[in-house]
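Trainee: File follows, data02.cif with mmCIF, C-alpha atoms and all ligand atoms:
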data_target
#
loop_
_atom_site.label_atom_id
_atom_site.label_comp_id
_atom_site.auth_asym_id
_atom_site.auth_seq_id
_atom_site.Cartn_x
_atom_site.Cartn_y
_atom_site.Cartn_z
CA MET A 4 105.03 87.03 95.33
CA THR A 5 105.68 86.19 98.95
CA THR A 6 104.88 88.76 101.61
CA THR A 7 107.74 90.20 103.61
CA ASP A 8 107.85 90.25 107.38
CA ASP A 9 108.02 93.91 108.46
CA THR A 10 109.36 92.96 111.87
CA ALA A 11 112.32 91.04 110.53
CA PRO A 12 115.59 92.78 111.35
CA THR A 13 117.34 94.19 108.33
CA THR A 14 120.93 95.13 107.92
CA ASP A 15 122.90 96.55 105.05
CA THR A 16 124.31 93.15 104.34
CA ALA A 17 120.97 91.33 104.35
CA PRO A 18 120.25 89.90 100.91
CA ALA A 19 117.76 92.02 99.00
CA ALA A 20 114.28 90.53 98.60
CA PRO A 21 114.11 88.65 95.32
CA ALA A 22 113.19 90.99 92.49
CA PRO A 23 109.66 90.41 91.22
CA ALA A 24 109.51 88.45 87.98
CA PRO A 25 109.12 90.72 84.95
CA ALA A 26 105.50 91.23 83.90
CA PRO A 27 104.47 89.12 80.92
CA GLY A 28 105.42 91.03 77.81
CA ALA A 29 107.77 93.37 79.68
CA PHE A 30 110.42 95.17 77.61
CA GLY A 31 113.00 92.71 76.35
CA THR A 32 111.20 89.51 77.34
CA VAL A 33 109.38 88.90 74.07
CA PHE A 34 111.59 87.81 71.18
CA GLY A 35 111.11 87.77 67.44
CA PRO A 36 111.22 84.35 65.77
CA SER A 37 114.58 84.84 64.10
CA MET A 38 118.06 86.21 64.68
CA SER A 39 121.06 86.79 62.45
CA VAL A 40 124.43 85.21 63.23
CA ALA A 41 128.06 85.11 62.11
CA GLU A 42 131.12 83.48 63.69
CA PHE A 43 134.80 84.39 63.66
CA ASP A 44 136.97 81.26 63.65
CA GLY A 45 140.25 83.00 64.49
CA THR A 46 140.98 83.85 60.86
CA SER A 47 137.86 85.02 59.10
CA TRP A 48 134.17 85.67 59.57
CA SER A 49 131.63 83.14 58.35
CA ALA A 50 128.86 84.20 56.02
CA ALA A 51 125.96 85.87 57.81
CA ARG A 52 122.84 83.76 58.17
CA VAL A 53 119.43 83.75 59.80
CA VAL A 54 118.56 81.15 62.43
CA ALA A 55 115.66 80.58 64.80
CA THR A 56 115.82 82.44 68.13
CA GLU A 57 116.86 79.41 70.15
CA ASN A 58 119.26 78.49 72.92
CA LEU A 59 122.94 78.82 72.11
CA SER A 60 125.28 75.95 72.68
CA LEU A 61 128.40 77.23 74.46
CA HIS A 62 131.32 75.43 76.03
CA PRO A 63 131.27 76.06 79.81
CA GLY A 64 134.80 77.45 79.46
CA THR A 65 133.69 80.11 76.97
CA HIS A 66 135.95 83.16 77.29
CA ALA A 67 133.08 85.67 77.57
CA LEU A 68 131.59 83.83 80.56
CA HIS A 69 134.83 84.03 82.52
CA TYR A 70 136.76 87.07 81.34
CA GLY A 71 134.06 89.50 80.27
CA SER A 72 134.84 89.53 76.56
CA ALA A 73 131.33 90.64 75.65
CA CYS A 74 129.71 93.79 74.36
CA PHE A 75 126.41 94.74 72.83
CA GLU A 76 124.32 97.44 71.23
CA GLY A 77 120.71 98.53 71.51
CA LEU A 78 118.85 100.20 68.68
CA LYS A 79 115.33 100.26 67.30
CA ALA A 80 113.80 99.63 63.89
CA HIS A 81 110.62 101.62 63.35
CA ARG A 82 107.69 100.99 61.05
CA GLN A 83 107.74 103.54 58.22
CA PRO A 84 104.75 105.07 56.40
CA ASP A 85 105.30 102.72 53.41
CA GLY A 86 105.12 99.63 55.67
CA SER A 87 108.84 98.92 55.68
CA ALA A 88 110.94 99.05 58.87
CA ARG A 89 114.08 101.14 59.27
CA ALA A 90 116.73 100.95 61.99
CA PHE A 91 117.32 104.37 63.51
CA ARG A 92 120.87 105.73 63.08
CA ALA A 93 122.23 102.24 62.49
CA ASP A 94 125.55 103.73 61.34
CA ALA A 95 126.16 105.31 64.76
CA HIS A 96 125.37 102.06 66.61
CA ASN A 97 127.50 100.13 64.11
CA ALA A 98 130.50 102.39 64.83
CA ARG A 99 129.97 102.18 68.59
CA LEU A 100 129.78 98.37 68.54
CA ARG A 101 133.06 98.16 66.66
CA GLN A 102 134.62 100.65 69.07
CA SER A 103 133.47 98.49 72.01
CA ALA A 104 134.93 95.40 70.31
CA GLY A 105 138.24 97.18 69.84
CA ARG A 106 138.46 98.25 73.48
CA LEU A 107 137.71 94.69 74.62
CA CYS A 108 140.24 93.18 72.18
CA LEU A 109 137.44 91.19 70.58
CA PRO A 110 137.54 90.28 66.89
CA GLU A 111 135.98 93.31 65.23
CA PRO A 112 133.30 92.67 62.62
CA SER A 113 133.52 94.96 59.59
CA GLU A 114 131.06 97.80 59.14
CA GLU A 115 129.57 95.85 56.23
CA LEU A 116 129.09 92.68 58.30
CA VAL A 117 127.38 94.57 61.12
CA ASP A 118 125.15 96.25 58.55
CA GLU A 119 124.31 92.92 56.98
CA LEU A 120 123.38 91.28 60.29
CA LEU A 121 121.19 94.26 61.21
CA THR A 122 119.40 94.15 57.87
CA LEU A 123 118.90 90.38 58.08
CA ALA A 124 117.50 90.63 61.61
CA VAL A 125 115.01 93.34 60.64
CA ASP A 126 113.93 91.55 57.44
CA ALA A 127 113.55 88.18 59.17
CA ASN A 128 111.33 89.70 61.86
CA LEU A 129 109.43 92.15 59.68
CA ASP A 130 106.08 90.51 60.47
CA VAL A 131 106.46 91.23 64.19
CA VAL A 132 107.58 94.88 63.98
CA PRO A 133 104.90 96.72 65.98
CA ASP A 134 103.40 99.97 64.74
CA SER A 135 104.51 103.18 66.43
CA PRO A 136 104.79 103.88 69.35
CA GLY A 137 106.10 100.30 69.43
CA ALA A 138 109.24 99.24 67.56
CA LEU A 139 111.56 96.30 66.96
CA TYR A 140 114.39 96.57 69.50
CA LEU A 141 117.62 95.13 68.10
CA ARG A 142 120.33 93.72 70.32
CA PRO A 143 123.60 93.11 68.46
CA THR A 144 125.75 90.95 70.76
CA LEU A 145 129.43 90.07 70.37
CA ILE A 146 131.11 87.49 72.62
CA GLY A 147 134.52 85.85 72.79
CA THR A 148 134.05 82.10 72.40
CA ASP A 149 137.48 80.52 72.93
CA PRO A 150 136.89 77.51 75.19
CA SER A 151 139.76 78.42 77.51
CA ILE A 152 139.77 79.36 81.15
CA GLY A 153 143.53 79.80 80.93
CA ALA A 154 143.14 82.86 78.69
CA ALA A 155 142.71 85.47 81.41
CA ALA A 156 145.42 87.69 79.95
CA THR A 157 144.81 86.76 76.31
CA PRO A 158 142.01 87.96 74.04
CA SER A 159 139.61 85.41 72.63
CA ARG A 160 140.67 84.43 69.11
CA THR A 161 137.17 83.33 68.17
CA ALA A 162 133.87 85.11 68.50
CA LEU A 163 130.14 84.83 68.01
CA PHE A 164 128.18 87.80 66.75
CA TYR A 165 124.39 87.78 66.63
CA VAL A 166 121.53 90.24 66.41
CA LEU A 167 118.55 89.39 68.56
CA ALA A 168 115.21 91.15 67.97
CA CYS A 169 112.42 92.06 70.41
CA PRO A 170 109.09 93.62 69.48
CA VAL A 171 108.59 96.30 72.15
CA GLY A 172 105.88 98.74 73.14
CA ASP A 173 106.25 102.31 74.29
CA TYR A 174 108.71 102.30 77.19
CA LEU A 175 107.80 105.68 78.67
CA PRO A 176 107.90 105.28 82.46
CA PRO A 177 104.45 105.62 84.08
CA ARG A 178 105.56 108.55 86.28
CA PRO A 179 108.47 110.96 86.59
CA LEU A 180 111.53 109.12 87.90
CA THR A 181 113.23 109.46 91.25
CA ILE A 182 117.00 109.61 90.83
CA SER A 183 119.48 109.38 93.66
CA VAL A 184 122.87 111.05 93.18
CA GLU A 185 126.09 109.16 93.99
CA THR A 186 128.87 111.66 94.69
CA ASP A 187 131.77 109.30 95.50
CA VAL A 188 131.80 106.40 93.08
CA PRO A 189 132.22 106.97 89.32
CA ARG A 190 129.90 105.43 86.72
CA THR A 191 132.60 102.99 85.66
CA THR A 192 136.34 102.84 85.06
CA PRO A 193 137.87 105.22 82.49
CA GLN A 194 138.78 102.18 80.33
CA PHE A 195 135.13 101.12 80.14
CA GLY A 196 133.32 104.45 79.92
CA VAL A 197 132.60 104.30 76.20
CA VAL A 198 132.27 100.50 76.04
CA LYS A 199 128.75 99.10 75.99
CA ALA A 200 129.49 96.05 78.09
CA GLY A 201 127.40 94.09 80.55
CA ALA A 202 130.12 94.53 83.17
CA ASN A 203 129.18 98.23 83.38
CA TYR A 204 125.62 97.33 84.31
CA ALA A 205 126.69 94.78 86.90
CA MET A 206 128.95 97.41 88.44
CA ALA A 207 126.08 99.89 88.82
CA LEU A 208 123.74 97.38 90.50
CA THR A 209 125.01 97.63 94.07
CA PRO A 210 124.56 101.43 94.26
CA ILE A 211 121.20 101.17 92.48
CA MET A 212 119.91 98.55 94.91
CA ALA A 213 121.10 100.63 97.88
CA ALA A 214 119.36 103.75 96.51
CA ARG A 215 116.22 101.74 95.84
CA ARG A 216 116.14 100.50 99.43
CA ALA A 217 116.96 103.86 100.98
CA TYR A 218 114.94 106.27 98.82
CA GLY A 219 112.75 104.22 96.49
CA ALA A 220 115.00 105.56 93.70
CA ASP A 221 114.58 104.26 90.16
CA GLN A 222 118.15 104.94 89.16
CA VAL A 223 121.43 106.39 90.37
CA LEU A 224 123.07 109.41 88.78
CA PHE A 225 126.85 109.16 89.10
CA ALA A 226 128.45 112.51 89.93
CA PRO A 227 131.86 111.81 91.49
CA GLY A 228 133.35 115.00 92.90
CA ARG A 229 129.86 116.51 92.40
CA VAL A 230 130.27 116.68 88.60
CA LEU A 231 127.60 114.89 86.55
CA GLN A 232 128.38 111.82 84.44
CA GLU A 233 125.32 109.64 83.66
CA THR A 234 123.01 107.10 85.29
CA GLY A 235 123.48 103.33 85.18
CA ALA A 236 121.98 103.08 81.71
CA SER A 237 121.19 106.50 80.30
CA ASN A 238 122.57 109.97 79.69
CA ILE A 239 121.16 113.07 81.34
CA VAL A 240 120.01 116.44 80.01
CA LEU A 241 118.89 119.61 81.78
CA ILE A 242 116.23 121.52 79.89
CA GLU A 243 114.44 124.83 80.16
CA GLN A 244 112.68 127.04 77.63
CA GLY A 245 114.98 127.33 74.59
CA ARG A 246 117.93 125.85 76.43
CA LEU A 247 119.57 122.44 76.92
CA LEU A 248 122.61 121.69 79.08
CA THR A 249 124.39 118.33 79.28
CA PRO A 250 127.79 117.01 80.37
CA ALA A 251 130.42 117.18 77.62
CA LEU A 252 131.54 113.84 76.18
CA THR A 253 134.45 112.27 78.03
CA ASP A 254 135.86 108.76 78.27
CA ALA A 255 134.09 108.42 81.62
CA TYR A 256 130.65 107.57 80.25
CA LEU A 257 128.75 106.23 77.28
CA HIS A 258 128.11 108.49 74.29
CA GLY A 259 124.42 107.92 73.67
CA VAL A 260 122.96 108.11 70.20
CA THR A 261 119.72 109.42 71.74
CA ARG A 262 121.66 112.17 73.52
CA ASP A 263 123.36 113.15 70.27
CA SER A 264 120.05 113.08 68.36
CA LEU A 265 118.26 115.28 70.90
CA LEU A 266 121.10 117.81 70.90
CA ARG A 267 120.93 118.04 67.12
CA LEU A 268 117.14 118.40 67.14
CA ALA A 269 117.33 121.06 69.85
CA ARG A 270 119.96 123.02 67.89
CA ALA A 271 117.81 122.76 64.75
CA ARG A 272 114.96 124.35 66.74
CA GLY A 273 117.23 127.26 67.60
CA TRP A 274 117.74 126.22 71.24
CA ASN A 275 120.91 127.19 73.04
CA VAL A 276 122.69 123.83 73.52
CA GLU A 277 125.65 123.65 75.91
CA GLU A 278 128.00 120.68 76.40
CA ARG A 279 130.42 121.19 79.29
CA ASP A 280 131.16 120.09 82.85
CA VAL A 281 127.92 120.30 84.81
CA THR A 282 128.21 120.48 88.58
CA LEU A 283 125.72 119.08 91.03
CA ASP A 284 125.36 122.47 92.66
CA GLU A 285 124.29 124.19 89.45
CA THR A 286 121.97 121.27 88.73
CA LEU A 287 120.25 121.90 92.07
CA GLU A 288 119.92 125.60 91.19
CA TRP A 289 118.56 124.66 87.75
CA ILE A 290 115.88 122.27 89.00
CA ALA A 291 114.73 124.79 91.64
CA ARG A 292 113.57 127.19 88.90
CA PRO A 293 109.95 127.03 87.71
CA GLY A 294 109.70 125.36 84.31
CA ALA A 295 113.04 123.57 84.73
CA GLU A 296 113.26 119.99 83.51
CA LEU A 297 115.66 117.09 83.94
CA ALA A 298 115.47 113.99 81.77
CA LEU A 299 117.28 110.73 81.06
CA THR A 300 117.93 109.73 77.46
CA GLY A 301 118.45 106.34 75.87
CA THR A 302 117.15 104.14 73.07
CA ALA A 303 114.64 102.19 75.15
CA ALA A 304 112.79 105.07 76.85
CA VAL A 305 113.89 107.82 74.41
CA VAL A 306 113.39 110.63 76.96
CA ALA A 307 112.35 109.88 80.55
CA PRO A 308 111.50 112.86 82.79
CA VAL A 309 112.97 113.03 86.29
CA GLY A 310 110.61 114.32 89.00
CA THR A 311 112.81 114.05 92.08
CA LEU A 312 116.54 114.25 92.65
CA VAL A 313 117.85 112.85 95.94
CA VAL A 314 121.13 114.51 96.98
CA ASP A 315 122.88 113.72 100.27
CA GLY A 316 119.69 111.97 101.38
CA GLU A 317 117.49 115.00 100.72
CA ALA A 318 114.76 114.92 98.04
CA HIS A 319 114.55 117.89 95.66
CA THR A 320 111.54 118.32 93.38
CA VAL A 321 112.44 119.12 89.76
CA GLY A 322 110.79 122.30 88.43
CA ASP A 323 107.03 121.91 88.37
CA ALA A 324 106.92 118.51 90.08
CA GLY A 325 108.33 116.68 87.08
CA ALA A 326 106.01 118.23 84.48
CA SER A 327 108.10 118.12 81.31
CA PRO A 328 106.48 119.68 78.23
CA LEU A 329 109.87 120.55 76.73
CA ALA A 330 111.25 117.02 77.07
CA GLY A 331 107.94 115.85 75.57
CA GLU A 332 108.41 118.21 72.62
CA LEU A 333 111.93 116.89 71.92
CA ARG A 334 110.76 113.32 72.33
CA GLN A 335 107.98 113.85 69.79
CA ALA A 336 110.39 115.51 67.36
CA LEU A 337 112.67 112.47 67.60
CA VAL A 338 109.85 109.95 67.24
CA ASP A 339 108.60 111.82 64.14
CA VAL A 340 111.99 111.34 62.50
CA GLN A 341 112.30 107.71 63.64
CA THR A 342 108.90 106.84 62.19
CA GLY A 343 109.57 108.60 58.89
CA LYS A 344 107.01 111.39 59.34
CA VAL A 345 109.76 114.01 59.20
CA SER A 346 113.18 113.71 57.60
CA PHE A 347 116.33 114.94 59.32
CA ASP A 348 119.88 114.88 58.07
CA TRP A 349 122.03 113.55 60.94
C1 LIG B 1 123.21 102.38 75.97
C2 LIG B 1 123.57 103.32 77.05
C3 LIG B 1 123.16 104.66 77.04
C4 LIG B 1 122.23 105.24 76.02
O1 LIG B 1 122.73 105.19 74.72
P1 LIG B 1 121.74 105.30 73.48
O2 LIG B 1 122.64 105.18 72.31
O3 LIG B 1 121.09 106.62 73.58
O4 LIG B 1 120.76 104.19 73.59
C5 LIG B 1 123.63 105.48 78.06
N1 LIG B 1 124.41 105.01 79.04
C6 LIG B 1 124.81 103.72 79.09
C7 LIG B 1 125.67 103.26 80.21
C8 LIG B 1 124.40 102.84 78.10
O5 LIG B 1 124.80 101.56 78.16
#
Translate the structure of the given file into structure tokens.
Mentor:
Amino acid sequence: MTTTDDTAPTTDTAPAAPAPAPAPGAFGTVFGPSMSVAEFDGTSWSAARVVATENLSLHPGTHALHYGSACFEGLKAHRQPDGSARAFRADAHNARLRQSAGRLCLPEPSEELVDELLTLAVDANLDVVPDSPGALYLRPTLIGTDPSIGAAATPSRTALFYVLACPVGDYLPPRPLTISVETDVPRTTPQFGVVKAGANYAMALTPIMAARRAYGADQVLFAPGRVLQETGASNIVLIEQGRLLTPALTDAYLHGVTRDSLLRLARARGWNVEERDVTLDETLEWIARPGAELALTGTAAVVAPVGTLVVDGEAHTVGDAGASPLAGELRQALVDVQTGKVSFDW
């Protein structure tokens, strides 16, 4: 890395320093040897097959590259006690991928085809599935492939669907996160709230980079009108002894499978679980109480504790400085089911 000159003038419009290269082996940079693939030719889907994880050959006019006809999923296959590997709640991710495809007017693979590609990707990479707490992260990806830059107002007739696999380690952040709250801008547009599309991530980057520069924040929590939605890539839960509170599902943000799983596990433990509008003001009251916890949820990190919430430029410590035994308890309960130690009927 180059050193930066502290005396150099900076302005809001100055380009950000280049992001450091990801550490070798960082999450999502190591790929399994094989991926599964199928193509839609405008009429029907090809048979599913396994190919080497190699560069794709795409026409430079590919629809997805110009008009955003692309969506994806993220799920994990975990090593089971009998040595096999099982994708966690694959049915829920399967349904969400097809929902994303529908909202983007992409050719929608059948439930069976998605299932088949997932199974093929896990089987073809079985040798590289790490033991727990590692897992095989699966990235189903669906893109519109019509070679046409004139199709701005027309869906792509053809598509490529593949499932990429990455052996990953435990993704628990090394310290409680600092989250900055954005009270003006929404997470995304209402049309894209429940779509898992790269465009959503690109949209969140400018506020994230600004919060990183201003407060050293790890992520931004979107709370337009001071009502909580989610962060750039994960849902949010408020926890205290025997109690979990989270924003109710709306079209404004992504319905996480991890969120749903934790709610079910918490209910099964007899916790009081509430899904409703959550205001920023009550969140600030919540985190001021001793023993209060705030955590982000998503497939990669499972449950990531928040230690500091920055609101209107002011840093608020969460509960006992980000200590999060309750989030840890839920996380462990989830991992026990994922790794086949405990069974749970979703
Ligand atoms: C994927 C994603 C999540 C988390 O969903 P999981 O199913 O729990 O992995 C939350 N928010 C956004 C914007 C996402 O893309």
Trainee: Can you pull out every residue within 10 Å of Pro179 (chain A), counting only C-alpha atoms, but drop anything in the same chain fewer than 4 positions away, and send it as a compact mmCIF listing (two decimals) with C-alpha atoms, in the coordinates of the input?
Mentor:
# COMPACT_ATOMS: atom_id res chain seq x y z
CA LEU A 175 107.80 105.68 78.67
CA ASP A 221 114.58 104.26 90.16
CA LEU A 297 115.66 117.09 83.94
CA ALA A 298 115.47 113.99 81.77
CA ALA A 307 112.35 109.88 80.55
CA PRO A 308 111.50 112.86 82.79
CA VAL A 309 112.97 113.03 86.29
CA GLY A 310 110.61 114.32 89.00
CA THR A 311 112.81 114.05 92.08
CA VAL A 321 112.44 119.12 89.76
CA ALA A 324 106.92 118.51 90.08
CA GLY A 325 108.33 116.68 87.08
CA ALA A 326 106.01 118.23 84.48
CA SER A 327 108.10 118.12 81.31
Trainee: Report as CSV: every residue of chain A with an atom at most 9 Å from ligand LIG 1 (chain B), its closest pair of atoms, and their distance in Å to one decimal, counting only C-alpha atoms and all ligand atoms, with rows sorted by chain and ascending residue number.
Mentor:
residue,atom,partner,partner_atom,distance
A:Phe75,CA,B:LIG1,O5,8.8
A:Glu76,CA,B:LIG1,C1,6.9
A:Gly77,CA,B:LIG1,O4,6.0
A:Leu78,CA,B:LIG1,O4,6.6
A:Ala95,CA,B:LIG1,O2,8.3
A:His96,CA,B:LIG1,O2,7.0
A:Arg99,CA,B:LIG1,O2,8.8
A:Arg190,CA,B:LIG1,C7,8.1
A:Thr191,CA,B:LIG1,C7,8.8
A:Gly196,CA,B:LIG1,C7,7.7
A:Val197,CA,B:LIG1,C7,8.1
A:Val198,CA,B:LIG1,O5,7.8
A:Lys199,CA,B:LIG1,O5,5.1
A:Ala200,CA,B:LIG1,O5,7.2
A:Gly201,CA,B:LIG1,O5,8.3
A:Asn203,CA,B:LIG1,C7,6.9
A:Tyr204,CA,B:LIG1,C7,7.2
A:Glu233,CA,B:LIG1,N1,6.6
A:Thr234,CA,B:LIG1,N1,6.7
A:Gly235,CA,B:LIG1,C7,5.4
A:Ala236,CA,B:LIG1,C6,3.9
A:Ser237,CA,B:LIG1,C5,3.5
A:Asn238,CA,B:LIG1,C5,4.9
A:Ile239,CA,B:LIG1,C5,8.6
A:Tyr256,CA,B:LIG1,C7,6.6
A:Leu257,CA,B:LIG1,N1,4.8
A:His258,CA,B:LIG1,O1,6.3
A:Gly259,CA,B:LIG1,O1,3.4
A:Val260,CA,B:LIG1,O2,3.6
A:Thr261,CA,B:LIG1,O3,3.6
A:Arg262,CA,B:LIG1,O3,5.6
A:Asp263,CA,B:LIG1,O3,7.7
A:Ser264,CA,B:LIG1,O3,8.4
A:Leu299,CA,B:LIG1,C5,8.8
A:Thr300,CA,B:LIG1,O3,5.9
A:Gly301,CA,B:LIG1,O3,3.5
A:Thr302,CA,B:LIG1,O4,3.6
A:Ala303,CA,B:LIG1,O4,6.6
A:Ala304,CA,B:LIG1,O4,8.7
A:Val305,CA,B:LIG1,O3,7.3
Trainee: Excluding Thr56 (chain A) and any residue of its chain fewer than 5 positions from it, enumerate the residues within 10 Å of it, using all atoms listed in the file, and give them as an MDAnalysis selection string.
Mentor: chainID A and resid 34:39 166:168
Trainee: Can I get the selection written as a compact mmCIF listing (two decimals), keeping the file's coordinate frame, with C-alpha atoms?
Mentor:
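out-v7.txt, written as the output of this step:
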# COMPACT_ATOMS: atom_id res chain seq x y z
CA PHE A 34 111.59 87.81 71.18
CA GLY A 35 111.11 87.77 67.44
CA PRO A 36 111.22 84.35 65.77
CA SER A 37 114.58 84.84 64.10
CA MET A 38 118.06 86.21 64.68
CA SER A 39 121.06 86.79 62.45
CA VAL A 166 121.53 90.24 66.41
CA LEU A 167 118.55 89.39 68.56
CA ALA A 168 115.21 91.15 67.97
Trainee: Kindly indicate which residue among A:Leu116, A:Ile211, A:Ala29, A:Val314 lies nearest to Phe43 (chain A), using only C-alpha atoms for the distances.
Mentor: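 Looking only at the distances to Phe43 (chain A), the closest residue turns out to be A:Leu116.
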Trainee: How many Å separate CA of Val184 (chain A) from CA of Gly322 (chain A)?
Mentor: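 Computing it gives 17.2 Å between the two atoms.
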Trainee: Go through A:Ala155, A:Val117, A:Cys169, A:Ala205 one by one, measure the shortest atom-to-atom distance of each to Pro143 (chain A) using all atoms listed in the file, and give the residue with the smallest value.
Mentor: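 For Pro143 (chain A), the nearest of the given residues is A:Val117.
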Trainee: Expressed in Å to a single decimal, how great is the separation between CA of Gln335 (chain A) and CA of Leu141 (chain A)?
Mentor: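 Pair CA of Gln335 (chain A) / CA of Leu141 (chain A) returns 21.1 Å.
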Trainee: Which one of A:Leu247, A:Ala295, A:Thr286, A:Glu111 sits closest to Trp274 (chain A) if you count all atoms listed in the file?
Mentor: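 Using all atoms listed in the file, the shortest distance to Trp274 (chain A) belongs to A:Leu247.
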Trainee: In file coordinates, which residues lie within 9 Å of (132.5, 76.0, 78.0) using only C-alpha atoms, given as a list in words?
Mentor: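 Residues close enough to count: Ser60, Leu61, His62, Pro63, Gly64, Thr65, His66, Leu68, Thr148, Asp149, Pro150, Ser151 and Ile152 of chain A.
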Trainee: Go ahead and save the picked residues with C-alpha atoms, as a CSV table (one decimal), in the frame of the given file.
Mentor:
chain,number,residue,atom,x,y,z
A,60,SER,CA,125.3,76.0,72.7
A,61,LEU,CA,128.4,77.2,74.5
A,62,HIS,CA,131.3,75.4,76.0
A,63,PRO,CA,131.3,76.1,79.8
A,64,GLY,CA,134.8,77.4,79.5
A,65,THR,CA,133.7,80.1,77.0
A,66,HIS,CA,136.0,83.2,77.3
A,68,LEU,CA,131.6,83.8,80.6
A,148,THR,CA,134.0,82.1,72.4
A,149,ASP,CA,137.5,80.5,72.9
A,150,PRO,CA,136.9,77.5,75.2
A,151,SER,CA,139.8,78.4,77.5
A,152,ILE,CA,139.8,79.4,81.2
Trainee: Env of region 125-136 of chain A: 8 Å cut, atoms = only C-alpha atoms, seq-sep filter 2 positions within chain, self excluded. Answer as a list in words.
Mentor: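 Close residues of region 125-136 of chain A: Gly35, Pro36, Ser37, Met38, Val53, Ala80, His81, Arg82, Ser87, Ala88, Arg89, Ala90, Leu121, Thr122, Leu123, Ala138, Leu139, Ala168, Pro170, Val171, Gly172, Asp173 and Thr342 of chain A.
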Trainee: Quick one: of A:Val338, A:Ile290, A:Leu100, A:Leu107, who's nearest to Ala202 (chain A), counting only C-alpha atoms?
Mentor: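 Nearest to Ala202 (chain A): A:Leu107.
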Trainee: Closest to Arg160 (chain A) among A:Leu268, A:Ala67, A:Ala330, A:Val313, using only C-alpha atoms?
Mentor: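 Ranking A:Leu268, A:Ala67, A:Ala330, A:Val313 by distance to Arg160 (chain A), first place goes to A:Ala67.
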Trainee: Give as a JSON list (two decimals) with C-alpha atoms, in the coordinates of the input the set of residues within 7 Å of the point (130.7, 92.1, 75.3), where distances use the file's coordinates and all atoms listed in the file.
Mentor:
[["chain", "number", "residue", "atom", "x", "y", "z"],
["A", 71, "GLY", "CA", 134.06, 89.50, 80.27],
["A", 72, "SER", "CA", 134.84, 89.53, 76.56],
["A", 73, "ALA", "CA", 131.33, 90.64, 75.65],
["A", 74, "CYS", "CA", 129.71, 93.79, 74.36],
["A", 75, "PHE", "CA", 126.41, 94.74, 72.83],
["A", 144, "THR", "CA", 125.75, 90.95, 70.76],
["A", 145, "LEU", "CA", 129.43, 90.07, 70.37],
["A", 146, "ILE", "CA", 131.11, 87.49, 72.62],
["A", 200, "ALA", "CA", 129.49, 96.05, 78.09],
["A", 201, "GLY", "CA", 127.40, 94.09, 80.55]]
Trainee: Given the choices A:Met206, A:Ala217, A:Ala24, A:Ala124, which gets closest to Ala55 (chain A) if the distance is worked out from all atoms listed in the file?
Mentor: A:Ala124
Trainee: One decimal, Å: what's the distance from CA of Phe225 (chain A) over to CA of Asp187 (chain A), could you say?
Mentor: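 Separation between CA of Phe225 (chain A) and CA of Asp187 (chain A): 8.1 Å.
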Trainee: How big is the axis-aligned box around all listed atoms of region 33-44 of chain A once 6 Å goes on each side, and where's its centre, in Å to one decimal, as lines of an AutoDock Vina configuration file?
Mentor:
center_x = 123.2
center_y = 85.1
center_z = 68.1
size_x = 39.6
size_y = 19.6
size_z = 24.0
Trainee: Might you pull out every residue within 12 Å of Phe347 (chain A), with only C-alpha atoms counted and same-chain residues fewer than 6 positions away left off, and present them as a ChimeraX atom specification?
Mentor: /A:91-92,264-265,267-268,271,336-341
